[in-house]
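S.K.: If it helps, the file is called structure-v1.cif and holds mmCIF, C-alpha atoms:
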data_entry
#
loop_
_atom_site.label_atom_id
_atom_site.label_comp_id
_atom_site.auth_asym_id
_atom_site.auth_seq_id
_atom_site.Cartn_x
_atom_site.Cartn_y
_atom_site.Cartn_z
CA MET C 1 20.14 -0.35 -10.27
CA ASN C 2 18.26 -2.38 -7.69
CA GLY C 3 16.20 -1.32 -4.67
CA PHE C 4 13.19 0.82 -3.77
CA ILE C 5 12.20 4.45 -4.25
CA ASN C 6 10.04 6.00 -1.55
CA LEU C 7 8.06 8.03 -4.07
CA TYR C 8 5.64 10.83 -3.19
CA LYS C 9 2.50 11.06 -5.33
CA PRO C 10 0.77 14.45 -5.31
CA SER C 11 -3.00 14.85 -5.43
CA GLY C 12 -4.68 15.41 -8.78
CA ILE C 13 -2.79 12.90 -10.91
CA SER C 14 -2.92 9.12 -11.22
CA SER C 15 -0.36 6.70 -9.84
CA ALA C 16 0.26 5.49 -13.39
CA HIS C 17 1.18 9.03 -14.48
CA VAL C 18 3.85 9.27 -11.78
CA ILE C 19 5.21 5.79 -12.47
CA ASN C 20 5.46 6.50 -16.20
CA LYS C 21 7.71 9.47 -15.41
CA ILE C 22 10.08 7.15 -13.53
CA LYS C 23 10.00 4.59 -16.35
CA ARG C 24 10.91 7.22 -18.94
CA GLY C 25 13.76 8.44 -16.76
CA LEU C 26 15.15 4.96 -16.08
CA LYS C 27 14.98 3.40 -19.52
CA GLY C 28 15.89 -0.26 -19.65
CA VAL C 29 15.29 -0.82 -15.94
CA SER C 30 12.35 -2.83 -14.61
CA ILE C 31 9.95 -0.69 -12.56
CA GLY C 32 7.00 -1.79 -10.43
CA HIS C 33 4.85 -0.23 -7.73
CA MET C 34 2.50 -1.44 -5.03
CA GLY C 35 -0.56 0.07 -3.39
CA THR C 36 -2.05 2.31 -6.09
CA LEU C 37 -3.38 5.64 -4.85
CA ASP C 38 -6.52 7.21 -6.35
CA PRO C 39 -6.00 10.54 -8.21
CA LEU C 40 -7.59 12.41 -5.28
CA ALA C 41 -5.08 10.92 -2.83
CA SER C 42 -1.48 11.88 -2.15
CA GLY C 43 1.39 10.37 -0.21
CA VAL C 44 3.71 7.39 -0.18
CA LEU C 45 3.90 5.21 -3.31
CA PRO C 46 6.63 2.54 -2.96
CA VAL C 47 8.40 1.80 -6.24
CA ALA C 48 10.62 -1.21 -6.86
CA VAL C 49 13.58 -0.96 -9.23
CA GLY C 50 15.24 -3.92 -10.95
CA LYS C 51 14.91 -7.36 -9.40
CA SER C 52 13.44 -5.84 -6.25
CA THR C 53 10.01 -6.21 -7.86
CA ARG C 54 10.33 -9.87 -6.84
CA MET C 55 9.97 -8.83 -3.20
CA PHE C 56 6.44 -7.43 -3.47
CA ASP C 57 4.85 -10.58 -2.05
CA TYR C 58 6.78 -9.98 1.18
CA LEU C 59 5.61 -6.37 1.52
CA LEU C 60 1.88 -6.82 0.95
CA ASP C 61 1.01 -7.44 4.59
CA LYS C 62 2.78 -4.38 5.95
CA THR C 63 0.87 -1.79 7.96
CA LYS C 64 -0.31 1.33 6.12
CA VAL C 65 -1.25 4.60 7.81
CA TYR C 66 -3.58 7.20 6.28
CA CYS C 67 -4.87 10.62 7.23
CA ALA C 68 -8.31 11.19 5.72
CA LYS C 69 -11.03 13.79 5.93
CA VAL C 70 -14.62 12.56 6.09
CA GLU C 71 -17.59 14.85 5.59
CA PHE C 72 -21.02 13.86 6.94
CA GLY C 73 -24.43 14.55 5.50
CA TYR C 74 -24.05 13.07 2.01
CA GLU C 75 -22.64 10.13 0.05
CA THR C 76 -21.37 10.07 -3.53
CA ASP C 77 -21.42 7.13 -5.92
CA THR C 78 -17.61 6.95 -5.81
CA LEU C 79 -17.49 7.56 -2.03
CA ASP C 80 -15.17 10.55 -2.62
CA LEU C 81 -15.35 14.02 -4.15
CA GLU C 82 -14.92 12.72 -7.71
CA GLY C 83 -18.45 11.31 -7.79
CA LYS C 84 -21.97 12.71 -7.76
CA VAL C 85 -24.11 12.95 -4.64
CA VAL C 86 -26.57 10.05 -4.45
CA LYS C 87 -27.66 10.16 -0.78
CA THR C 88 -28.14 12.95 1.75
CA SER C 89 -28.95 13.15 5.46
CA SER C 90 -29.64 15.90 7.97
CA VAL C 91 -28.12 13.78 10.75
CA ILE C 92 -24.67 15.11 11.65
CA PRO C 93 -22.82 13.28 14.43
CA THR C 94 -20.76 14.99 17.11
CA MET C 95 -17.05 14.28 17.51
CA GLU C 96 -17.82 12.09 20.51
CA GLU C 97 -20.26 10.05 18.44
CA VAL C 98 -17.77 9.66 15.59
CA LYS C 99 -15.10 8.50 18.03
CA GLU C 100 -17.44 5.99 19.64
CA LYS C 101 -18.84 4.58 16.39
CA SER C 102 -15.42 4.29 14.78
CA LYS C 103 -14.68 1.52 17.28
CA GLU C 104 -17.19 -0.67 15.43
CA ILE C 105 -15.01 -0.60 12.31
CA VAL C 106 -11.74 -1.56 14.02
CA GLY C 107 -10.49 -5.15 13.88
CA ASP C 108 -10.77 -7.96 11.34
CA ILE C 109 -13.95 -6.95 9.53
CA TYR C 110 -15.78 -7.74 6.32
CA GLN C 111 -15.73 -4.67 4.09
CA LEU C 112 -17.80 -4.17 0.93
CA PRO C 113 -15.43 -2.69 -1.69
CA PRO C 114 -16.54 0.48 -3.48
CA VAL C 115 -18.35 -0.07 -6.78
CA TYR C 116 -15.86 2.35 -8.34
CA SER C 117 -12.82 0.18 -7.68
CA ALA C 118 -10.46 -2.07 -9.62
CA LYS C 119 -12.15 -5.25 -8.41
CA CYS C 120 -12.83 -7.74 -11.21
CA VAL C 121 -16.40 -8.79 -12.02
CA ASN C 122 -16.67 -11.44 -14.75
CA GLY C 123 -13.36 -10.34 -16.21
CA LYS C 124 -14.19 -6.63 -16.15
CA ARG C 125 -13.05 -3.92 -13.75
CA SER C 126 -15.84 -2.87 -11.43
CA TYR C 127 -15.32 0.83 -12.17
CA GLU C 128 -15.61 0.18 -15.92
CA LEU C 129 -19.04 -1.41 -15.46
CA ALA C 130 -20.15 1.31 -13.04
CA ARG C 131 -19.19 4.07 -15.49
CA LYS C 132 -21.39 2.41 -18.11
CA GLY C 133 -24.31 2.45 -15.69
CA LYS C 134 -24.34 -1.33 -15.25
CA ALA C 135 -25.29 -2.90 -11.94
CA VAL C 136 -22.28 -4.21 -10.03
CA GLU C 137 -22.47 -6.74 -7.22
CA LEU C 138 -19.32 -7.12 -5.16
CA GLN C 139 -18.79 -9.46 -2.24
CA PRO C 140 -17.57 -8.29 1.18
CA LYS C 141 -13.87 -8.94 1.75
CA LYS C 142 -12.12 -9.54 5.04
CA VAL C 143 -9.73 -6.69 5.89
CA SER C 144 -7.80 -5.68 8.98
CA VAL C 145 -8.29 -2.19 10.45
CA LEU C 146 -5.80 -1.74 13.28
CA SER C 147 -6.94 1.64 14.60
CA ILE C 148 -9.06 4.71 13.83
CA ASP C 149 -8.30 7.97 15.61
CA VAL C 150 -10.55 11.01 15.23
CA LEU C 151 -8.14 13.97 15.29
CA ALA C 152 -10.12 17.15 14.67
CA LYS C 153 -13.22 18.78 13.19
CA THR C 154 -12.85 21.18 10.27
CA GLU C 155 -14.01 24.65 11.23
CA GLY C 156 -17.24 25.65 9.47
CA LYS C 157 -17.80 22.19 7.96
CA GLU C 158 -19.33 18.86 9.02
CA GLU C 159 -15.99 17.24 8.36
CA TYR C 160 -13.62 15.29 10.58
CA GLU C 161 -9.97 14.41 10.16
CA ILE C 162 -9.24 10.79 11.01
CA LYS C 163 -6.07 8.71 11.14
CA ILE C 164 -6.34 5.08 10.08
CA ALA C 165 -3.85 2.23 10.45
CA CYS C 166 -4.70 -0.86 8.44
CA LYS C 167 -3.37 -3.77 6.43
CA GLY C 168 -3.31 -4.00 2.64
CA GLY C 169 -6.55 -4.31 0.71
CA THR C 170 -8.50 -1.91 2.93
CA TYR C 171 -10.49 0.83 1.18
CA ILE C 172 -10.44 4.09 3.12
CA ARG C 173 -13.40 5.36 1.08
CA ALA C 174 -15.39 2.37 2.32
CA ILE C 175 -14.40 3.16 5.91
CA ALA C 176 -15.82 6.67 5.42
CA ARG C 177 -19.05 5.18 4.05
CA ASP C 178 -19.38 2.68 6.87
CA LEU C 179 -18.60 5.29 9.50
CA GLY C 180 -21.46 7.36 8.12
CA TYR C 181 -23.82 4.39 8.37
CA ALA C 182 -22.66 3.62 11.91
CA CYS C 183 -23.51 7.20 12.91
CA GLY C 184 -26.97 6.99 11.34
CA SER C 185 -25.97 9.32 8.51
CA PHE C 186 -24.08 9.33 5.23
CA ALA C 187 -20.43 10.26 4.76
CA THR C 188 -17.92 10.84 1.97
CA MET C 189 -14.12 10.91 1.95
CA THR C 190 -12.99 14.41 0.96
CA SER C 191 -9.21 14.00 1.08
CA LEU C 192 -6.64 11.27 1.67
CA ILE C 193 -2.93 11.16 2.46
CA ARG C 194 -0.99 7.92 2.79
CA VAL C 195 1.44 8.73 5.59
CA SER C 196 3.33 5.44 5.53
CA SER C 197 3.43 1.98 3.97
CA GLY C 198 5.63 -0.40 5.90
CA VAL C 199 9.08 1.18 6.21
CA PHE C 200 8.24 3.87 3.66
CA GLY C 201 7.30 7.15 5.41
CA ILE C 202 6.12 10.40 3.88
CA GLU C 203 8.80 12.37 5.74
CA ASN C 204 11.51 10.62 3.68
CA SER C 205 9.67 10.47 0.36
CA VAL C 206 10.81 12.10 -2.89
CA THR C 207 8.87 13.49 -5.83
CA ALA C 208 9.38 12.03 -9.28
CA GLU C 209 10.78 15.37 -10.45
CA ASP C 210 13.39 15.59 -7.67
CA PHE C 211 14.42 11.99 -8.22
CA LEU C 212 14.86 12.35 -11.96
CA GLU C 213 16.71 15.67 -11.68
CA ALA C 214 19.21 14.37 -9.11
CA ASP C 215 22.79 13.95 -10.33
CA ASP C 216 23.19 10.95 -8.04
CA LYS C 217 19.91 9.05 -8.04
CA ARG C 218 21.46 6.32 -5.87
CA LYS C 219 20.99 8.46 -2.76
CA PHE C 220 17.23 7.92 -3.13
CA ILE C 221 17.48 4.14 -3.57
CA ILE C 222 16.64 2.08 -0.48
CA PRO C 223 18.48 -1.28 -0.40
CA PRO C 224 15.95 -4.10 -0.85
CA ASP C 225 16.95 -5.94 2.34
CA MET C 226 16.15 -2.81 4.37
CA THR C 227 12.45 -2.99 3.47
CA VAL C 228 11.76 -6.21 5.41
CA ASP C 229 12.62 -7.28 8.95
CA PHE C 230 13.09 -11.03 8.58
CA PRO C 231 16.04 -12.57 10.47
CA LYS C 232 19.29 -13.05 8.55
CA ILE C 233 21.18 -16.06 7.23
CA PHE C 234 24.82 -15.61 6.15
CA LEU C 235 26.27 -18.09 3.66
CA ASN C 236 29.91 -18.79 2.92
CA GLU C 237 31.16 -19.12 -0.66
CA ILE C 238 30.71 -22.90 -0.81
CA GLN C 239 27.16 -22.73 0.57
CA THR C 240 26.33 -19.94 -1.86
CA GLU C 241 27.44 -21.90 -4.90
CA ARG C 242 25.73 -25.09 -3.73
CA LEU C 243 22.49 -23.16 -3.19
CA PHE C 244 22.85 -21.52 -6.61
CA ASN C 245 23.24 -24.97 -8.19
CA GLY C 246 20.09 -26.29 -6.50
CA LEU C 247 21.82 -28.39 -3.85
CA LYS C 248 20.17 -28.61 -0.43
CA ASP C 249 22.30 -28.31 2.70
CA ASP C 250 21.08 -28.64 6.28
CA PHE C 251 20.90 -25.37 8.20
CA ASP C 252 20.56 -24.99 11.92
CA PHE C 253 17.64 -22.59 11.63
CA SER C 254 13.98 -22.84 12.59
CA ASP C 255 11.35 -23.01 9.87
CA GLY C 256 10.52 -19.54 8.61
CA THR C 257 11.36 -16.72 6.23
CA TYR C 258 14.85 -15.15 6.18
CA ARG C 259 16.99 -12.53 4.51
CA VAL C 260 19.81 -14.50 2.88
CA TYR C 261 23.29 -13.04 2.37
CA SER C 262 26.25 -14.36 0.40
CA PRO C 263 29.84 -13.02 0.69
CA ASP C 264 28.91 -10.60 -2.11
CA GLY C 265 25.92 -9.14 -0.24
CA PHE C 266 22.17 -9.61 -0.26
CA TYR C 267 21.19 -12.83 -2.04
CA GLY C 268 17.40 -12.72 -1.62
CA ILE C 269 14.48 -13.88 0.50
CA GLY C 270 14.61 -17.53 1.52
CA VAL C 271 12.40 -19.98 3.36
CA VAL C 272 13.67 -22.73 5.64
CA VAL C 273 11.56 -25.89 5.87
CA ASP C 274 12.87 -28.94 7.75
CA ARG C 275 16.37 -27.41 7.87
CA LYS C 276 16.43 -26.99 4.06
CA LEU C 277 16.78 -23.50 2.58
CA LYS C 278 15.00 -22.46 -0.61
CA VAL C 279 15.27 -18.99 -2.12
CA LYS C 280 11.89 -17.51 -3.06
CA ALA C 281 12.88 -14.00 -4.17
CA TYR C 282 16.22 -14.20 -5.96
CA LEU C 283 18.38 -11.06 -6.19
CA ARG C 284 21.84 -12.57 -6.60
CA ASN C 285 24.41 -10.68 -8.71
CA ASP C 286 22.51 -7.40 -8.38
CA ARG C 287 24.05 -4.56 -6.47
CA THR C 288 21.80 -2.83 -3.99
CA VAL C 289 22.25 0.53 -5.74
#
Could you quickly redo this structure as structure tokens?
M.R.:
Amino acid sequence: MNGFINLYKPSGISSAHVINKIKRGLKGVSIGHMGTLDPLASGVLPVAVGKSTRMFDYLLDKTKVYCAKVEFGYETDTLDLEGKVVKTSSVIPTMEEVKEKSKEIVGDIYQLPPVYSAKCVNGKRSYELARKGKAVELQPKKVSVLSIDVLAKTEGKEEYEIKIACKGGTYIRAIARDLGYACGSFATMTSLIRVSSGVFGIENSVTAEDFLEADDKRKFIIPPDMTVDFPKIFLNEIQTERLFNGLKDDFDFSDGTYRVYSPDGFYGIGVVVDRKLKVKAYLRNDRTV
């Protein structure tokens, strides 16, 4: 079995818990996932099956879309509802102010990761040090926030629903924190849904339970070549065997990254440099399902 599962992770459990269910149900098959979701969060969790784990490097820069709720007036140490309140403010911005200030966080920005995160500090996870009460100093990281849309205000609460499109590595909890600062207040993320991650959308996702209970699990497997949009190169049998044996032929293609196909189907992800093709993510001899 080879391909991707568009898995849905519910709120209240860890990503590892969901992935372990898949591993137990597909014994003997390599499983990997990308873009871990916090226990509080729900939504799309792409899972690679078989040799498709080799394609992760080509999916990291895909756009991710989230729907979050941000409540103003306080900040927790974890920047979400799992932490304890450490800062409060009586300043509550209007929707117009939130919309206007959110513009300051859009673009290529330097974002300070949350202290309670998986960032490494001297070989230790930041959250491990924070839980022990140790001081943690993280450095701002450049991230790309494509858009922030303020959708609605929760009735009876100082909470706003916002939709965020961003690239990988962006912390939505940190966006909530920074939006609070921009509005002259404090803010905390109260809920989070990952709506999409690249080609993986929540409307087509499947729970671990439904996947494992299906008589034909193949209907939930997305072919690996369908998860990227690189142009295609089609090889004949002779070219395929020469490539497999490490021989370099000239190809009339511009430098760049391609989906490579042999007569048997998807071969892998290749890169052309100076007319020479080299396969970077090799999936030969694996069926797509």
S.K.: Using the chain letters and residue numbers of this document, give as a count of residues only the residues selected by the PyMOL selection byres ((chain C and resi 66) around 8).
M.R.: 12
S.K.: Please provide as an MDAnalysis selection string all residues within 10 Å of Asp252 (chain C), with the sequence filter that same-chain residues fewer than 4 positions apart are discarded (counting only C-alpha atoms).
M.R.: chainID C and resid 272 274:276
S.K.: Given the file shown, enumerate the residues that the PyMOL selection byres ((chain C and resi 138) around 8) captures and present them as a list in words.
M.R.: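 Going through the file, the PyMOL selection byres ((chain C and resi 138) around 8) ends up selecting Leu112, Pro113, Val115, Val121, Val136, Glu137, Gln139 and Pro140 of chain C.
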S.K.: Which residues would end up in the selection if the PyMOL selection byres ((chain C and resi 175-187) around 6) were applied here, given that I need the answer as a list in words?
M.R.: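 That selection, the PyMOL selection byres ((chain C and resi 175-187) around 6), comes back as Glu71, Phe72, Gly73, Tyr74, Glu75, Ser89, Val91, Lys101, Ile172, Arg173, Ala174, Thr188 and Met189 of chain C.
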S.K.: Quick one: residues within 7 Å of Asn6 (chain C), all atoms listed in the file counted, chain neighbours fewer than 2 positions away excluded, as a ChimeraX atom specification?
M.R.: /C:4,8,44-47,200,205-206
S.K.: With C-alpha atoms kept, could you save the residues just selected as a compact mmCIF listing (two decimals), in the coordinates of the input?
M.R.:
# COMPACT_ATOMS: atom_id res chain seq x y z
CA PHE C 4 13.19 0.82 -3.77
CA TYR C 8 5.64 10.83 -3.19
CA VAL C 44 3.71 7.39 -0.18
CA LEU C 45 3.90 5.21 -3.31
CA PRO C 46 6.63 2.54 -2.96
CA VAL C 47 8.40 1.80 -6.24
CA PHE C 200 8.24 3.87 3.66
CA SER C 205 9.67 10.47 0.36
CA VAL C 206 10.81 12.10 -2.89
S.K.: For Met1 (chain C), work out the shell of residues within 12 Å, counting all atoms listed in the file and skipping chain neighbours fewer than 4 positions away, then give it as a list in words.
M.R.: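 Residues near the query, excluding close chain neighbours: Ile5, Leu26, Lys27, Gly28, Val29, Ser30, Ile31, Ala48, Val49, Gly50, Lys51, Ser52, Thr53, Asp216, Lys217, Arg218, Lys219, Phe220, Ile221, Ile222, Pro223, Pro224, Leu283, Asn285, Asp286, Arg287, Thr288 and Val289 of chain C.
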S.K.: At what distance in Å, to one decimal, does CA of Lys280 (chain C) lie from CA of His33 (chain C)?
M.R.: 19.2 Å
S.K.: For Thr154 (chain C), please output as number ranges by chain all residues within 12 Å (counting all atoms listed in the file; exclusion window: fewer than 5 positions along the same chain).
M.R.: C: 68-72, 95, 159-162, 190
S.K.: Could you list, as a ChimeraX atom specification, every residue within 10 Å of Lys278 (chain C), counting all atoms listed in the file and ignoring same-chain residues fewer than 5 positions away?
M.R.: /C:243-244,246-249,257-258,260,269-273
S.K.: Would you mind reading off the distance between CA of Gly156 (chain C) and CA of Leu37 (chain C), one decimal, in Å?
M.R.: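 A separation of 28.2 Å between them.
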S.K.: Could you work out how far CA of Ser126 (chain C) lies from CA of Thr78 (chain C), giving the answer in Å with one decimal?
M.R.: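 It comes out at 11.5 Å.
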